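Asks: Submitted below is the structure of interest, expressed as structure tokens.
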Amino acid sequence: MKISYNCLKQYLSTEEKIENICKILTDIGLHVENFFSLKKDYLIELNIPPNRGEIMSHYGIARDLNIALKFRGFKSKMRKLPSVFLFKKDLDIKNINFLIKNYKKCIRYTYTTICNINVFDSPKWLKNYLYNIGYNSINNILDIEHFLMYELGQPIKIFDLDQIRNFSIKRENFKKKIILNENDLILLNNKNPIALAGILINKDFLVKKNTKNLFIESASYSSEYIYKTAKKYHIKNDSSIRFERGIDPNFIIYALKRAALLIKKISGAGVKITSDVIDLYPKKINNIEIFLRYKIIKYIIGYNINIKKIKKILFLLEIDILFENLNGLKIKIPLYRKDITREIDVIEEILRIYGYNNFIKKKIYINKNYNINNNLKIENIISNQLNSHGFYETLNISLNKKKYIKYYSNNRYKKINILNSYNKNLSILRFSLLFGLLENISYNLNRNKKKIKLFEWGKKYLFLKKNIIENNTLGLIFYDEKKKYDNLFFKFKGIIEQIIIRCGIMIYNQNFYKNNFLENGLSFVYKKKIFCVIGYVKKQILIEFEISKKILYADINWDIINIIINNNNYKTIYKKKDNFNIDRRDISLLIDKNITFEEIKNLSFSKEKENLTKIVLLDEYKSKNLPFGKKSYTISFYFKKKTYNIENIINNLKKEFKKKIKAKIR
């Protein structure tokens, strides 16, 4: 937000220089991003906190700055707001009919009418004011709207009175560009929409060059309603932002009178106010009362602030003290402070005005013997292991695009849709980490990356029998343009197996696997539970991302991994290095295509379980040169230490392969 230093000093009397003003503004939470020197003025760029609606104006910032200056001992005084004492009805003209049908969304509504105005260019002072804060001048009437919004923070709306007859505020649908639902609050004129309350105005009712009579509105709408409606229709403007953050209902009459008098002043001779302030405020809002406990202040801040200083801060913040006892204070919050609703909010205000930098510095002792969650430790170990293999960790949003749902079909687990998503395309909770990782791959391929290895820790969200399932998952994706696909698969599989072994899982089965996302893959099974799947991403999915090369993906169900680890209570065991070399023998087999490596592995262990430590598929060969329906496996057999009859064992295995799977030894 941009503010003028000279306009700020119209409401604040102080001799402090601009540099000190900017420093104090930053100290109280209004971060000054920059300030520029203008002709006889300074332009200050502020970063306003999203919950501070009352300071989105020159007057509001001056009020907050005055509190900080006074508490810090600087000479400062708030100037009085321009008087509206001269506001009075000049002519007695029959007023328009008016009706409000929804007071929950329209808290307070005030208006007045003016006749015989002239629409022309704004005076120089008004043009300069708007130019400094980044607005272009339109005309003397509409410029008043923008001026008052930045002067007082109250949105004022001005309509052409001649276009308005019977006037009402209720819920009804637009029939033109925007179709509203029954919950929207509309300003109507004989069923013709004038405005979407607090957000959007119908152009037919705006002030034009030939406009002579005005209807001026000053209102307070429900913050929750404005926020939801503006978000629903993707409309955001200065008015809606201020209504979202909350408007002081006690300030809107002053703003209305100020607007009427300014228009009367700058719109030529003969301008008359034709109505008193019409005020519709059926259900008055009460001030919030909070009991502020001294011990909680000390507990939260960690420092014992003098009670007199606490009371002084509350007095400067215009927070009334209703009564006091030994435990604390009963206080009443002013209506314009919409951000203070709880005891913790008051403590935050005390800390903010006291100054974060005004506390005595103390040495902080940190206990290094803190406990880290065991699952988190394991995740860190695995992440480091993947980093050593050249993988980079990525983090994606936990939503999937709507177009990806066509690739998901599961009769048991259902997808979870999001109502009122901020983005219509991102309206489904993530059912797979694959699509986010593919977006990362596509992004990097478009930047000429030829080798991409990524992994992500995340959750998948699915719906099962009225229950939402949150599945912790480790997703890995692997792309290498230079390497052959078969070699790439075995390399990727080896990395996955290292992760599984690192988690202490030594005994598991492998089966051929494919699903909606993967083809030519493997599943890793432990006690009939699939805890990991790897494979090539299907071509039709890759086409969606404009990827022409094959890509490998692995999906590890980390919830199952954690259960296995916790049930088995694995511990790291250190052993003395054995001087004996590990014995290994390789066998090449010609077998039927239908026979899997897992079958050969199980057959070998059933025959020689006492002597074998592990069996590894070294190579798989398929060629037209081989007999029809055949393939070749080269398998490595690792033997336990001090196994002396290895050749006899190998011969026995060969006989078993010939007998059981009709293999030929090559």
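Labeling convention for the structure tokens: chains A, B, ... as they appear, residues from 1 per chain, ligands from 1 in order of appearance.
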Leaving out range 613-621 of chain A and any residue of its chain fewer than 5 positions from it, which residues lie within 9 Å of it when counting only C-alpha atoms, given as a list in words?

Replies: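 In the requested format, the answer is Asp486, Asp586, Ser588, Phe597, Lys601, Ser604, Phe605, Lys631, Ser632, Tyr633, Thr634, Ile635, Ser636, Phe637, Tyr638, Phe639 and Lys640 of chain A.
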
Asks: Store the residues picked out above, limited to C-alpha atoms, as a PDB file, in the first residue's frame.

Replies:
```pdb
ATOM      1  CA  ASP A 486      16.715 -52.475 -19.897  1.00  0.00           C
ATOM      2  CA  ASP A 586      26.888 -67.846 -12.169  1.00  0.00           C
ATOM      3  CA  SER A 588      23.032 -69.245 -17.592  1.00  0.00           C
ATOM      4  CA  PHE A 597      12.951 -65.145 -11.770  1.00  0.00           C
ATOM      5  CA  LYS A 601      14.734 -68.040  -6.708  1.00  0.00           C
ATOM      6  CA  SER A 604      16.849 -72.634  -5.372  1.00  0.00           C
ATOM      7  CA  PHE A 605      16.230 -71.650  -1.737  1.00  0.00           C
ATOM      8  CA  LYS A 631      14.507 -66.465 -22.997  1.00  0.00           C
ATOM      9  CA  SER A 632      17.904 -66.552 -21.312  1.00  0.00           C
ATOM     10  CA  TYR A 633      18.644 -65.757 -17.642  1.00  0.00           C
ATOM     11  CA  THR A 634      22.094 -65.359 -16.120  1.00  0.00           C
ATOM     12  CA  ILE A 635      21.773 -65.804 -12.370  1.00  0.00           C
ATOM     13  CA  SER A 636      24.367 -65.234  -9.621  1.00  0.00           C
ATOM     14  CA  PHE A 637      24.356 -67.520  -6.546  1.00  0.00           C
ATOM     15  CA  TYR A 638      26.065 -66.305  -3.353  1.00  0.00           C
ATOM     16  CA  PHE A 639      27.158 -68.904  -0.787  1.00  0.00           C
ATOM     17  CA  LYS A 640      27.655 -68.772   2.957  1.00  0.00           C
TER      18      LYS A 640
END
```

Asks: Hey, could you make a per-residue contact list for range 329-413 of chain A against range 426-430 of chain A with 6 Å as the cut-off, showing the nearest pair of atoms and its distance in Å to one decimal, counting only C-alpha atoms, sorted by chain and number, as a Markdown table?

Replies:
```
| residue | atom | partner | partner_atom | distance |
| --- | --- | --- | --- | --- |
| A:Ser398 | CA | A:Arg430 | CA | 5.2 |
| A:Leu399 | CA | A:Arg430 | CA | 4.5 |
| A:Asn400 | CA | A:Arg430 | CA | 4.9 |
| A:Lys401 | CA | A:Leu426 | CA | 4.6 |
```

Asks: Any idea what the distance is between CA of Lys539 in chain A and CA of Asn509 in chain A?

Replies: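 These two atoms are separated by 27.3 Å.
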
Asks: Mind running range 82-156 of chain A against range 281-303 of chain A at 7 Å and telling me each contacting residue's nearest atom pair with the distance in Å (one decimal), counting only C-alpha atoms, chain and number ascending, as CSV?

Replies:
```
residue,atom,partner,partner_atom,distance
A:Ile107,CA,A:Tyr281,CA,6.7
A:Arg108,CA,A:Tyr281,CA,4.7
A:Tyr109,CA,A:Tyr281,CA,6.6
```

Asks: If you run DSSP over the backbone, which residues in range 405-559 of chain A end up strand (DSSP E or B)? Put them as an MDAnalysis selection string.

Replies: chainID A and resid 414 417 428:429 451:464 467:480 509:513 518:526 529:537 552:557

Asks: Using only C-alpha atoms, find the one residue out of A:Tyr254, A:Ala219, A:Asn210, A:Met1 that sits nearest to Gly134 in chain A.

Replies: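 Nearest candidate to Gly134 in chain A out of A:Tyr254, A:Ala219, A:Asn210, A:Met1: A:Met1.
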
Asks: Listing only residues of range 378-467 of chain A within 9 Å of range 555-568 of chain A, what is the closest atom pair and its distance in Å (to one decimal) for each, using only C-alpha atoms, sorted by chain and residue number ascending, as a Markdown table?

Replies:
```
| residue | atom | partner | partner_atom | distance |
| --- | --- | --- | --- | --- |
| A:Ser432 | CA | A:Asp555 | CA | 8.8 |
| A:Leu433 | CA | A:Asp555 | CA | 8.0 |
| A:Leu434 | CA | A:Asp555 | CA | 8.2 |
```

Asks: So that I can check the surroundings of Glu608 in chain A, please list as a list in words every protein, DNA and RNA residue that reaches within 9 Å of it, counting only C-alpha atoms and ignoring chain neighbours fewer than 5 positions away.

Replies: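 Near Glu608 in chain A, the qualifying residues are Leu603, Ile649 and Leu653 of chain A.
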
Asks: Counting only C-alpha atoms, figure out which residue out of A:Arg585, A:Lys308, A:Lys264, A:Arg447 gets nearest to Val119 in chain A.

Replies: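 Nearest candidate to Val119 in chain A out of A:Arg585, A:Lys308, A:Lys264, A:Arg447: A:Lys264.
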
Asks: Take CA of Phe478 in chain A and CA of Gly390 in chain A and report the distance between them in Å, one decimal.

Replies: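 Going from CA of Phe478 in chain A over to CA of Gly390 in chain A covers 10.3 Å.
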
Asks: So which residues touch Phe159 in chain A within 10 Å, counting only C-alpha atoms, skipping near sequence neighbours fewer than 6 positions away, as a CSV table (one decimal) with C-alpha atoms, in the first residue's frame?

Replies:
```csv
chain,number,residue,atom,x,y,z
A,113,THR,CA,-29.0,12.0,-1.5
A,141,ILE,CA,-17.4,12.7,-8.1
A,142,LEU,CA,-15.8,9.3,-8.5
A,194,ILE,CA,-27.5,-2.1,-9.1
A,195,ALA,CA,-24.6,-3.9,-7.5
A,201,ILE,CA,-21.4,-2.2,-9.5
A,202,ASN,CA,-23.7,-2.2,-12.5
A,203,LYS,CA,-22.3,0.3,-15.0
A,204,ASP,CA,-25.8,1.6,-15.8
A,205,PHE,CA,-25.9,3.2,-12.3
A,206,LEU,CA,-22.5,4.8,-12.3
A,207,VAL,CA,-22.0,8.5,-12.3
A,208,LYS,CA,-21.8,9.9,-15.9
A,211,THR,CA,-25.5,13.0,-14.0
A,213,ASN,CA,-28.5,13.8,-8.7
A,214,LEU,CA,-26.6,11.4,-6.5
A,215,PHE,CA,-27.3,8.5,-4.2
A,216,ILE,CA,-24.3,8.1,-1.7
A,217,GLU,CA,-23.9,4.8,0.2
```

Asks: Of the residues A:Cys503, A:Tyr233, A:Tyr644, A:Asp121, which is the one nearest to Asn136 in chain A, using only C-alpha atoms?

Replies: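 Closest residue, counting only C-alpha atoms: A:Asp121.
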
Asks: Residues near Ile382 in chain A, anyone? I mean within 10 Å using only C-alpha atoms, not counting same-chain ones fewer than 4 positions away, as number ranges by chain.

Replies: A: 376-378, 386-388, 474, 498-500, 502-503

Asks: Can you write just those residues out, C-alpha atoms, as a short mmCIF file (atom, residue, chain, number, x, y, z; two decimals), in the first residue's frame?

Replies:
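Written file, out23.cif:
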```cif
data_model
loop_
_atom_site.label_atom_id
_atom_site.label_comp_id
_atom_site.auth_asym_id
_atom_site.auth_seq_id
_atom_site.Cartn_x
_atom_site.Cartn_y
_atom_site.Cartn_z
CA LEU A 376 11.50 -39.09 10.72
CA LYS A 377 15.01 -40.38 11.43
CA ILE A 378 14.48 -43.24 8.98
CA LEU A 386 18.89 -41.26 -2.40
CA ASN A 387 20.96 -38.07 -2.51
CA SER A 388 24.08 -40.24 -2.78
CA LEU A 474 7.72 -42.23 -1.12
CA GLN A 498 18.99 -50.99 -1.41
CA ILE A 499 16.30 -48.85 0.25
CA ILE A 500 14.34 -51.97 1.24
CA ARG A 502 18.38 -50.44 4.52
CA CYS A 503 14.98 -50.62 6.21
#
```

Asks: Can you tell me, as a PyMOL selection string, which residues in range 464-610 of chain A count as alpha helix (DSSP H) by DSSP?

Replies: chain A and resi 485-502+539-544+558-568+597-608
